[in-house]
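Participant: Contents of work.txt (compact mmCIF, C-alpha atoms (C1' of nucleotides)) are below:
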# COMPACT_ATOMS: atom_id res chain seq x y z
CA MET A 19 4.40 4.16 18.95
CA SER A 20 7.48 5.56 20.60
CA GLN A 21 8.36 8.89 19.05
CA SER A 22 11.65 9.01 20.90
CA ASN A 23 14.57 8.28 18.62
CA ALA A 24 13.13 7.02 15.35
CA ALA A 25 13.04 10.36 13.59
CA ASP A 26 16.71 11.02 13.10
CA THR A 27 17.64 7.67 11.61
CA CYS A 28 16.42 7.13 8.10
CA GLN A 29 16.05 3.56 7.00
CA ILE A 30 17.23 4.37 3.53
CA PRO A 31 19.77 7.14 3.95
CA CYS A 32 20.80 7.75 0.35
CA PHE A 33 17.75 9.41 -0.99
CA ASP A 34 17.32 13.04 -1.84
CA GLN A 35 14.17 14.23 -0.14
CA ASP A 36 14.00 17.39 -2.22
CA LYS A 37 14.40 15.68 -5.53
CA VAL A 38 11.89 12.98 -4.63
CA GLY A 39 9.41 15.56 -3.46
CA LYS A 40 9.67 17.59 -6.63
CA ILE A 41 9.18 14.57 -8.82
CA GLN A 42 6.23 13.36 -6.84
CA LYS A 43 4.71 16.78 -7.21
CA LYS A 44 5.33 16.78 -10.93
CA LEU A 45 3.81 13.32 -11.26
CA LEU A 46 0.63 14.41 -9.53
CA ASN A 47 -0.64 15.86 -12.80
CA ASP A 48 -0.49 12.61 -14.70
CA GLU A 49 -0.64 10.21 -11.82
CA ALA A 50 -4.41 9.95 -11.87
CA ARG A 51 -4.26 8.96 -15.52
CA LEU A 52 -1.47 6.44 -15.28
CA PRO A 53 -3.70 3.52 -14.29
CA GLU A 54 -5.84 4.24 -17.33
CA LEU A 55 -2.80 4.42 -19.52
CA ALA A 56 -1.50 1.15 -18.08
CA GLU A 57 -4.84 -0.52 -18.74
CA PHE A 58 -4.77 0.78 -22.26
CA TYR A 59 -1.39 -0.81 -22.80
CA LYS A 60 -2.48 -4.05 -21.21
CA LEU A 61 -5.32 -4.21 -23.68
CA LEU A 62 -2.89 -3.78 -26.54
CA GLY A 63 -0.45 -6.26 -25.05
CA ASN A 64 -1.87 -9.23 -26.88
CA THR A 65 -1.10 -10.42 -30.36
CA ASN A 66 -4.63 -11.50 -31.15
CA ARG A 67 -6.10 -8.17 -30.19
CA LEU A 68 -3.47 -6.33 -32.23
CA LYS A 69 -4.32 -8.57 -35.17
CA ILE A 70 -7.97 -7.72 -34.80
CA LEU A 71 -7.26 -4.02 -34.90
CA MET A 72 -5.05 -4.35 -37.94
CA SER A 73 -7.48 -6.62 -39.73
CA LEU A 74 -10.12 -3.96 -39.40
CA ALA A 75 -7.91 -1.26 -40.85
CA ASP A 76 -9.66 -1.13 -44.20
CA SER A 77 -13.14 -2.46 -43.66
CA GLU A 78 -15.55 -4.04 -41.24
CA LEU A 79 -15.62 -7.80 -40.75
CA CYS A 80 -18.03 -10.29 -39.24
CA VAL A 81 -17.05 -12.24 -36.15
CA CYS A 82 -16.72 -15.41 -38.11
CA ASP A 83 -14.22 -13.94 -40.55
CA ILE A 84 -12.19 -12.49 -37.73
CA ALA A 85 -12.20 -15.87 -36.02
CA HIS A 86 -10.74 -17.40 -39.15
CA VAL A 87 -8.08 -14.76 -39.44
CA LEU A 88 -7.05 -15.39 -35.85
CA GLY A 89 -7.49 -19.16 -35.93
CA LEU A 90 -9.65 -19.01 -32.82
CA SER A 91 -13.11 -20.20 -31.95
CA THR A 92 -15.89 -17.69 -32.38
CA ALA A 93 -16.44 -17.70 -28.62
CA ALA A 94 -12.85 -16.81 -27.90
CA THR A 95 -12.89 -14.25 -30.69
CA SER A 96 -16.08 -12.73 -29.41
CA HIS A 97 -14.51 -12.40 -26.01
CA GLN A 98 -11.52 -10.51 -27.36
CA LEU A 99 -13.82 -8.32 -29.43
CA LYS A 100 -15.81 -7.49 -26.34
CA LEU A 101 -12.71 -6.33 -24.50
CA LEU A 102 -11.90 -3.92 -27.31
CA ARG A 103 -15.52 -2.87 -27.67
CA ASP A 104 -15.96 -2.20 -23.97
CA LYS A 105 -13.11 0.26 -24.08
CA GLY A 106 -14.65 1.99 -27.05
CA TRP A 107 -12.10 1.04 -29.67
CA LEU A 108 -14.51 -1.04 -31.74
CA LYS A 109 -18.09 -0.62 -32.84
CA MET A 110 -20.48 -3.35 -33.82
CA ARG A 111 -23.31 -3.38 -36.33
CA ASN A 112 -26.05 -5.96 -36.63
CA ASP A 113 -27.11 -7.17 -40.05
CA GLY A 114 -29.54 -10.01 -39.77
CA LYS A 115 -27.86 -12.83 -37.89
CA MET A 116 -24.46 -11.43 -38.59
CA VAL A 117 -22.54 -8.96 -36.50
CA TYR A 118 -19.98 -6.74 -38.10
CA TYR A 119 -17.18 -5.02 -36.26
CA ARG A 120 -15.26 -1.97 -37.30
CA LEU A 121 -12.74 0.44 -35.82
CA ASN A 122 -14.14 3.28 -33.80
CA SER A 123 -10.96 5.33 -33.80
CA VAL A 124 -8.58 6.08 -36.61
CA ASP A 125 -6.17 7.55 -34.11
CA LEU A 126 -5.67 4.24 -32.38
CA LEU A 127 -4.44 2.65 -35.56
CA SER A 128 -2.03 5.46 -36.26
CA ALA A 129 -0.75 5.19 -32.69
CA LEU A 130 -0.10 1.51 -33.30
CA LYS A 131 1.78 2.28 -36.46
CA THR A 132 3.83 4.95 -34.75
CA ASP A 133 4.80 2.57 -31.99
CA LEU A 134 5.64 -0.12 -34.49
CA LYS A 135 7.99 2.30 -36.20
CA LEU A 136 9.54 3.19 -32.87
CA LEU A 137 10.32 -0.46 -32.32
CA GLN A 138 11.68 -1.05 -35.78
CA GLN A 139 13.92 1.94 -35.37
CA LYS A 140 15.09 0.67 -31.99
CA LEU A 141 15.90 -2.79 -33.35
CA GLY A 142 17.92 -1.30 -36.17
CA MET B 1 -11.43 -39.90 -44.31
CA SER B 2 -14.52 -40.18 -46.46
CA GLN B 3 -14.40 -37.52 -49.11
CA SER B 4 -17.95 -38.21 -50.08
CA ASN B 5 -20.20 -35.58 -48.62
CA ALA B 6 -18.05 -33.59 -46.17
CA ALA B 7 -16.82 -31.05 -48.68
CA ASP B 8 -20.06 -29.24 -49.31
CA THR B 9 -20.93 -28.67 -45.67
CA CYS B 10 -18.72 -26.15 -43.98
CA GLN B 11 -18.51 -26.22 -40.22
CA ILE B 12 -18.54 -22.47 -40.13
CA PRO B 13 -20.46 -21.53 -43.19
CA CYS B 14 -20.58 -17.79 -42.82
CA PHE B 15 -17.02 -16.87 -43.56
CA ASP B 16 -15.73 -15.30 -46.70
CA GLN B 17 -12.70 -17.25 -47.82
CA ASP B 18 -11.55 -14.55 -50.18
CA LYS B 19 -11.78 -11.76 -47.68
CA VAL B 20 -10.05 -13.79 -44.98
CA GLY B 21 -7.31 -14.79 -47.38
CA LYS B 22 -6.65 -11.22 -48.43
CA ILE B 23 -6.46 -9.99 -44.87
CA GLN B 24 -4.15 -12.78 -43.81
CA LYS B 25 -1.93 -11.89 -46.73
CA LYS B 26 -1.94 -8.25 -45.77
CA LEU B 27 -1.14 -9.09 -42.17
CA LEU B 28 1.89 -11.10 -43.19
CA ASN B 29 3.96 -7.93 -43.42
CA ASP B 30 3.41 -6.93 -39.82
CA GLU B 31 2.59 -10.30 -38.35
CA ALA B 32 6.18 -11.10 -37.50
CA ARG B 33 6.42 -7.86 -35.54
CA LEU B 34 3.17 -8.14 -33.66
CA PRO B 35 4.54 -10.30 -30.84
CA GLU B 36 7.26 -7.70 -30.31
CA LEU B 37 4.71 -4.95 -30.30
CA ALA B 38 2.54 -6.87 -27.85
CA GLU B 39 5.51 -7.38 -25.55
CA PHE B 40 6.28 -3.71 -25.76
CA TYR B 41 2.77 -2.88 -24.66
CA LYS B 42 2.87 -5.46 -21.88
CA LEU B 43 5.96 -3.77 -20.55
CA LEU B 44 4.16 -0.43 -20.51
CA GLY B 45 1.05 -1.96 -18.98
CA ASN B 46 2.12 -1.31 -15.42
CA THR B 47 1.66 1.84 -13.41
CA ASN B 48 4.97 1.58 -11.61
CA ARG B 49 6.94 1.23 -14.80
CA LEU B 50 5.10 4.15 -16.35
CA LYS B 51 5.90 6.18 -13.26
CA ILE B 52 9.56 5.30 -13.60
CA LEU B 53 9.64 6.48 -17.20
CA MET B 54 7.92 9.73 -16.34
CA SER B 55 10.07 10.34 -13.32
CA LEU B 56 13.12 10.16 -15.51
CA ALA B 57 11.75 12.65 -18.01
CA ASP B 58 14.01 15.49 -16.90
CA SER B 59 17.02 13.94 -15.24
CA GLU B 60 18.64 10.75 -14.07
CA LEU B 61 17.85 9.33 -10.64
CA CYS B 62 19.43 6.79 -8.33
CA VAL B 63 17.60 3.58 -7.53
CA CYS B 64 16.94 4.71 -4.02
CA ASP B 65 15.20 7.90 -5.11
CA ILE B 66 13.10 5.99 -7.61
CA ALA B 67 12.17 3.51 -4.90
CA HIS B 68 10.92 6.40 -2.79
CA VAL B 69 8.91 7.87 -5.62
CA LEU B 70 7.26 4.52 -6.20
CA GLY B 71 6.92 3.58 -2.56
CA LEU B 72 8.59 0.24 -3.22
CA SER B 73 11.59 -1.56 -1.78
CA THR B 74 14.86 -1.12 -3.62
CA ALA B 75 14.79 -4.78 -4.58
CA ALA B 76 11.38 -4.51 -6.17
CA THR B 77 12.34 -1.23 -7.82
CA SER B 78 15.54 -2.73 -9.14
CA HIS B 79 13.55 -5.53 -10.65
CA GLN B 80 11.25 -3.17 -12.52
CA LEU B 81 14.24 -1.13 -13.66
CA LYS B 82 15.85 -4.25 -15.01
CA LEU B 83 12.81 -5.06 -17.12
CA LEU B 84 12.96 -1.63 -18.72
CA ARG B 85 16.73 -1.78 -19.06
CA ASP B 86 16.71 -5.20 -20.68
CA LYS B 87 14.49 -3.90 -23.43
CA GLY B 88 16.80 -0.97 -23.98
CA TRP B 89 14.55 1.79 -22.73
CA LEU B 90 16.76 2.73 -19.78
CA LYS B 91 20.48 3.12 -19.30
CA MET B 92 22.37 2.85 -16.06
CA ARG B 93 25.49 4.63 -14.90
CA ASN B 94 27.67 3.70 -11.95
CA ASP B 95 28.99 6.41 -9.67
CA GLY B 96 30.72 4.93 -6.67
CA LYS B 97 28.23 2.86 -4.79
CA MET B 98 25.33 4.56 -6.43
CA VAL B 99 23.63 3.57 -9.66
CA TYR B 100 21.88 6.17 -11.72
CA TYR B 101 19.24 5.46 -14.30
CA ARG B 102 18.17 7.60 -17.21
CA LEU B 103 15.99 7.33 -20.28
CA ASN B 104 17.64 5.85 -23.33
CA SER B 105 15.01 7.04 -25.77
CA VAL B 106 13.31 10.38 -26.04
CA ASP B 107 10.90 8.90 -28.54
CA LEU B 108 9.45 6.53 -25.98
CA LEU B 109 8.42 9.40 -23.76
CA SER B 110 6.79 11.26 -26.59
CA ALA B 111 4.95 8.09 -27.57
CA LEU B 112 3.65 7.89 -24.01
CA LYS B 113 2.48 11.45 -24.13
CA THR B 114 0.80 10.94 -27.47
CA ASP B 115 -1.07 7.92 -26.16
CA LEU B 116 -2.06 9.79 -23.04
CA LYS B 117 -3.54 12.51 -25.20
CA LEU B 118 -5.37 9.92 -27.26
CA LEU B 119 -6.97 8.65 -24.08
CA GLN B 120 -7.86 12.06 -22.74
CA GLN B 121 -9.47 12.89 -26.03
CA LYS B 122 -11.40 9.63 -26.00
CA LEU B 123 -12.66 10.21 -22.48
CA GLY B 124 -13.86 13.67 -23.41
C1' DT C 19 37.33 -5.74 7.35
C1' DG C 20 33.06 -3.64 7.69
C1' DC C 21 29.60 -0.69 5.68
C1' DT C 22 26.54 0.79 2.02
C1' DC C 23 23.83 0.82 -2.30
C1' DA C 24 22.35 -2.08 -5.65
C1' DT C 25 21.57 -6.53 -8.00
C1' DT C 26 20.23 -11.09 -8.33
C1' DT C 27 18.20 -15.44 -7.18
C1' DC C 28 14.74 -18.01 -5.17
C1' DG C 29 10.30 -18.84 -4.11
C1' DA C 30 5.73 -18.13 -2.42
C1' DT C 31 1.65 -15.88 -3.35
C1' DA C 32 -1.58 -13.63 -5.89
C1' DT C 33 -3.39 -12.23 -9.92
C1' DT C 34 -4.46 -12.48 -14.59
C1' DT C 35 -5.14 -14.44 -19.01
C1' DT C 36 -6.97 -17.26 -22.17
C1' DC C 37 -10.22 -20.06 -23.96
C1' DG C 38 -13.35 -24.27 -24.11
C1' DA C 39 -17.99 -25.96 -23.05
C1' DA C 40 -22.44 -25.04 -22.77
C1' DA C 41 -26.44 -22.22 -22.10
C1' DA C 42 -28.65 -18.00 -23.63
C1' DT C 43 -29.86 -14.43 -27.01
C1' DG C 44 -31.77 -12.68 -30.99
C1' DA C 45 -32.61 -12.71 -35.78
C1' DT C 46 -34.20 -15.36 -39.77
C1' DA C 47 -36.53 -18.84 -42.35
C1' DA C 48 -39.64 -22.60 -43.09
C1' DT D 16 -44.41 -22.09 -33.92
C1' DT D 17 -40.25 -24.59 -34.54
C1' DA D 18 -35.77 -24.94 -36.28
C1' DT D 19 -31.55 -23.01 -37.40
C1' DC D 20 -27.79 -20.01 -37.30
C1' DA D 21 -24.30 -16.41 -35.75
C1' DT D 22 -23.01 -14.56 -31.83
C1' DT D 23 -22.77 -13.56 -26.90
C1' DT D 24 -22.31 -14.64 -22.29
C1' DT D 25 -21.34 -17.17 -18.19
C1' DC D 26 -18.74 -20.40 -15.81
C1' DG D 27 -14.73 -22.41 -14.70
C1' DA D 28 -10.33 -24.39 -14.90
C1' DA D 29 -5.66 -24.66 -16.43
C1' DA D 30 -1.78 -22.17 -17.37
C1' DA D 31 0.92 -18.35 -17.51
C1' DT D 32 2.55 -14.31 -15.40
C1' DA D 33 3.41 -10.69 -12.14
C1' DT D 34 4.89 -8.95 -8.01
C1' DC D 35 7.68 -8.60 -4.31
C1' DG D 36 10.04 -10.11 0.22
C1' DA D 37 14.06 -12.40 2.06
C1' DA D 38 18.52 -13.49 1.69
C1' DA D 39 22.88 -14.10 -0.78
C1' DT D 40 26.04 -11.69 -3.74
C1' DG D 41 28.70 -7.78 -5.90
C1' DA D 42 31.11 -3.88 -5.82
C1' DG D 43 32.78 0.49 -4.21
C1' DC D 44 34.62 2.89 -0.37
C1' DA D 45 36.73 3.93 4.17
What is this structure when it is put down as structure tokens?

Facilitator:
Amino acid sequence: MSQSNAADTCQIPCFDQDKVGKIQKKLLNDEARLPELAEFYKLLGNTNRLKILMSLADSELCVCDIAHVLGLSTAATSHQLKLLRDKGWLKMRNDGKMVYYRLNSVDLLSALKTDLKLLQQKLG
Amino acid sequence: MSQSNAADTCQIPCFDQDKVGKIQKKLLNDEARLPELAEFYKLLGNTNRLKILMSLADSELCVCDIAHVLGLSTAATSHQLKLLRDKGWLKMRNDGKMVYYRLNSVDLLSALKTDLKLLQQKLG
DNA sequence: TGCTCATTTCGATATTTTCGAAAATGATAA
DNA sequence: TTATCATTTTCGAAAATATCGAAATGAGCA
């Protein structure tokens, strides 16, 4: 409320207003996309979902087969598949009672592989 | 226990043993690395940490400046910095009382940018 | 000694994740 | 129709995790 003497004492005196301002300005471009990017990474931050993506590298699979690869129930598997499908990374195809899933983006898989290499390189 | 008539009725009859076996075999190569990869993505699955990485694109910054960019306390900022440092993505440098952080890997930033492009492309 | 920037620990809170159980869906077959 | 089967969905609960403030600690500097 009082505008008297608060202005000339900064709570955190070390910071460089100019530098901070410039960086905030620069971030503005990407800032809107960062939550999306973070969500993308959260989605990939799970071993089972990574396994799903890699399992589908060569060909489509039915839910049941994927469940066996993961060692999960079909319900749990279906849930993970839905998360990937909702974001558009997987596509499903009905064939009678069966449902087959396949990758909807080759680029995703190559991104995974690139990142895997980055890690391997980092760990020697 | 009884081996009489259990063998010919499969609890989950739809799956293709051969296919599953082949995929599990193929996954063996990468499987050991998948938890690492998942952890890597978990680390990146946070807007503040992404902001930190992007803020450091051009030059090092002190904790206090980073805290201002993020709008967090220095304690909270320091915590996030530690997570990135512990994984080897950031390096710190002491200069008097101040501590400066910088990127320890150019490749990480380019991976980020690649993934961001992948998303932009996906979203039209 | 006192001050400052940063780190660390502790802990509370909030959020998220994961997945089982069970009901619902939707296709097929008898 | 009725039964069956593969999958999906909803609900919910347990567990794991994240986030961050407060306060104690370090470490440099005057």

Participant: Could you list, as a count of residues only, the residues of chain D having an atom within 12 Å of chain A when counting all atoms listed in the file?

Facilitator: 7

Participant: The coordinates of chain B, once least-squares superposed on chain A over all sequentially paired C-alpha atoms, should be supplied as a compact mmCIF listing (two decimals) with C-alpha atoms, in the coordinates of the input.

Facilitator:
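Ended up saving to selection24.txt:
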# COMPACT_ATOMS: atom_id res chain seq x y z
CA MET B 1 6.51 5.41 20.26
CA SER B 2 9.74 6.72 21.70
CA GLN B 3 10.65 9.91 19.94
CA SER B 4 14.05 9.90 21.51
CA ASN B 5 16.60 8.70 19.02
CA ALA B 6 14.61 7.35 16.05
CA ALA B 7 14.40 10.61 14.17
CA ASP B 8 18.03 10.97 13.23
CA THR B 9 18.43 7.49 11.80
CA CYS B 10 16.63 7.00 8.54
CA GLN B 11 15.83 3.48 7.48
CA ILE B 12 16.71 4.33 3.93
CA PRO B 13 19.25 7.04 4.28
CA CYS B 14 20.17 7.61 0.68
CA PHE B 15 17.07 9.29 -0.61
CA ASP B 16 16.68 12.93 -1.41
CA GLN B 17 13.50 14.14 0.21
CA ASP B 18 13.38 17.29 -1.85
CA LYS B 19 13.86 15.58 -5.16
CA VAL B 20 11.31 12.89 -4.34
CA GLY B 21 8.82 15.49 -3.20
CA LYS B 22 9.17 17.51 -6.37
CA ILE B 23 8.72 14.50 -8.59
CA GLN B 24 5.69 13.29 -6.69
CA LYS B 25 4.22 16.74 -7.07
CA LYS B 26 4.92 16.75 -10.77
CA LEU B 27 3.40 13.31 -11.17
CA LEU B 28 0.18 14.41 -9.53
CA ASN B 29 -1.04 15.86 -12.81
CA ASP B 30 -0.84 12.60 -14.70
CA GLU B 31 -1.05 10.19 -11.81
CA ALA B 32 -4.82 9.95 -11.95
CA ARG B 33 -4.61 8.96 -15.60
CA LEU B 34 -1.84 6.43 -15.30
CA PRO B 35 -4.09 3.51 -14.34
CA GLU B 36 -6.19 4.24 -17.42
CA LEU B 37 -3.10 4.38 -19.55
CA ALA B 38 -1.84 1.12 -18.07
CA GLU B 39 -5.17 -0.54 -18.79
CA PHE B 40 -5.03 0.74 -22.32
CA TYR B 41 -1.64 -0.84 -22.79
CA LYS B 42 -2.76 -4.09 -21.18
CA LEU B 43 -5.54 -4.26 -23.71
CA LEU B 44 -3.05 -3.85 -26.54
CA GLY B 45 -0.65 -6.34 -24.99
CA ASN B 46 -2.08 -9.31 -26.83
CA THR B 47 -1.23 -10.52 -30.29
CA ASN B 48 -4.74 -11.58 -31.16
CA ARG B 49 -6.22 -8.23 -30.26
CA LEU B 50 -3.54 -6.43 -32.22
CA LYS B 51 -4.32 -8.67 -35.17
CA ILE B 52 -7.99 -7.79 -34.90
CA LEU B 53 -7.23 -4.07 -34.98
CA MET B 54 -4.96 -4.44 -37.98
CA SER B 55 -7.36 -6.68 -39.81
CA LEU B 56 -9.99 -4.01 -39.55
CA ALA B 57 -7.71 -1.31 -40.92
CA ASP B 58 -9.40 -1.17 -44.32
CA SER B 59 -12.90 -2.49 -43.88
CA GLU B 60 -15.38 -4.05 -41.51
CA LEU B 61 -15.48 -7.81 -41.03
CA CYS B 62 -17.94 -10.29 -39.60
CA VAL B 63 -17.05 -12.24 -36.48
CA CYS B 64 -16.70 -15.41 -38.44
CA ASP B 65 -14.12 -13.95 -40.82
CA ILE B 66 -12.16 -12.52 -37.92
CA ALA B 67 -12.26 -15.90 -36.21
CA HIS B 68 -10.71 -17.43 -39.31
CA VAL B 69 -8.01 -14.82 -39.51
CA LEU B 70 -7.10 -15.46 -35.90
CA GLY B 71 -7.56 -19.21 -36.01
CA LEU B 72 -9.83 -19.07 -32.98
CA SER B 73 -13.35 -20.24 -32.24
CA THR B 74 -16.11 -17.70 -32.71
CA ALA B 75 -16.74 -17.72 -28.98
CA ALA B 76 -13.15 -16.88 -28.16
CA THR B 77 -13.06 -14.29 -30.93
CA SER B 78 -16.28 -12.74 -29.71
CA HIS B 79 -14.78 -12.44 -26.29
CA GLN B 80 -11.73 -10.57 -27.55
CA LEU B 81 -13.96 -8.35 -29.68
CA LYS B 82 -16.01 -7.51 -26.64
CA LEU B 83 -12.95 -6.37 -24.72
CA LEU B 84 -12.06 -3.97 -27.51
CA ARG B 85 -15.66 -2.88 -27.94
CA ASP B 86 -16.18 -2.21 -24.26
CA LYS B 87 -13.32 0.24 -24.28
CA GLY B 88 -14.78 1.98 -27.29
CA TRP B 89 -12.17 1.02 -29.85
CA LEU B 90 -14.54 -1.06 -31.98
CA LYS B 91 -18.09 -0.63 -33.15
CA MET B 92 -20.47 -3.35 -34.18
CA ARG B 93 -23.24 -3.34 -36.75
CA ASN B 94 -26.01 -5.90 -37.12
CA ASP B 95 -27.00 -7.09 -40.56
CA GLY B 96 -29.47 -9.92 -40.35
CA LYS B 97 -27.85 -12.75 -38.50
CA MET B 98 -24.42 -11.39 -39.11
CA VAL B 99 -22.51 -8.95 -36.94
CA TYR B 100 -19.91 -6.72 -38.47
CA TYR B 101 -17.14 -5.03 -36.58
CA ARG B 102 -15.17 -1.97 -37.56
CA LEU B 103 -12.66 0.40 -36.02
CA ASN B 104 -14.11 3.26 -34.04
CA SER B 105 -10.93 5.30 -33.98
CA VAL B 106 -8.49 6.03 -36.74
CA ASP B 107 -6.13 7.51 -34.19
CA LEU B 108 -5.68 4.19 -32.45
CA LEU B 109 -4.37 2.59 -35.60
CA SER B 110 -1.94 5.39 -36.24
CA ALA B 111 -0.75 5.12 -32.65
CA LEU B 112 -0.10 1.44 -33.26
CA LYS B 113 1.87 2.19 -36.36
CA THR B 114 3.88 4.86 -34.61
CA ASP B 115 4.78 2.47 -31.82
CA LEU B 116 5.68 -0.22 -34.30
CA LYS B 117 8.06 2.19 -35.97
CA LEU B 118 9.54 3.10 -32.61
CA LEU B 119 10.29 -0.57 -32.05
CA GLN B 120 11.72 -1.17 -35.48
CA GLN B 121 13.97 1.81 -35.02
CA LYS B 122 15.07 0.55 -31.62
CA LEU B 123 15.87 -2.90 -32.96
CA GLY B 124 17.96 -1.41 -35.73

Participant: Using only C-alpha atoms, I'd like every residue of chain B that has an atom within 7 Å of chain A; please write them out as a ChimeraX atom specification.

Facilitator: /B:14-16,20,23-24,34-35,37-39,41-42,44-47,55,64-65,68-69,116

Participant: How many Å lie between CA of Lys109 in chain A and CA of Asn122 in chain A, rounded to one decimal?

Facilitator: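 Interatomic distance here is 5.6 Å.
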
Participant: Enumerate as a PyMOL selection string the residues belonging to chain C that approach chain B to within 8 Å, with all atoms listed in the file taken into account.

Facilitator: chain C and resi 22-25

Participant: Give me the residues near DC35 in chain D as a list in words, where near means some atom within 9 Å (using only C-alpha atoms (C1' of nucleotides)) and where sequence neighbours in that chain fewer than 5 positions away do not count.

Facilitator: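 Counting only the stated atoms, we get Leu72, Ser73, Ala75 and Ala76 of chain B.
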
Participant: Any chance you could work out the axis-aligned box around range 91-95 of chain B, listed atoms only, 8 Å on each side, giving centre and edge lengths in Å to one decimal, as lines of an AutoDock Vina configuration file?

Facilitator:
center_x = 24.7
center_y = 4.6
center_z = -14.5
size_x = 24.5
size_y = 19.6
size_z = 25.6
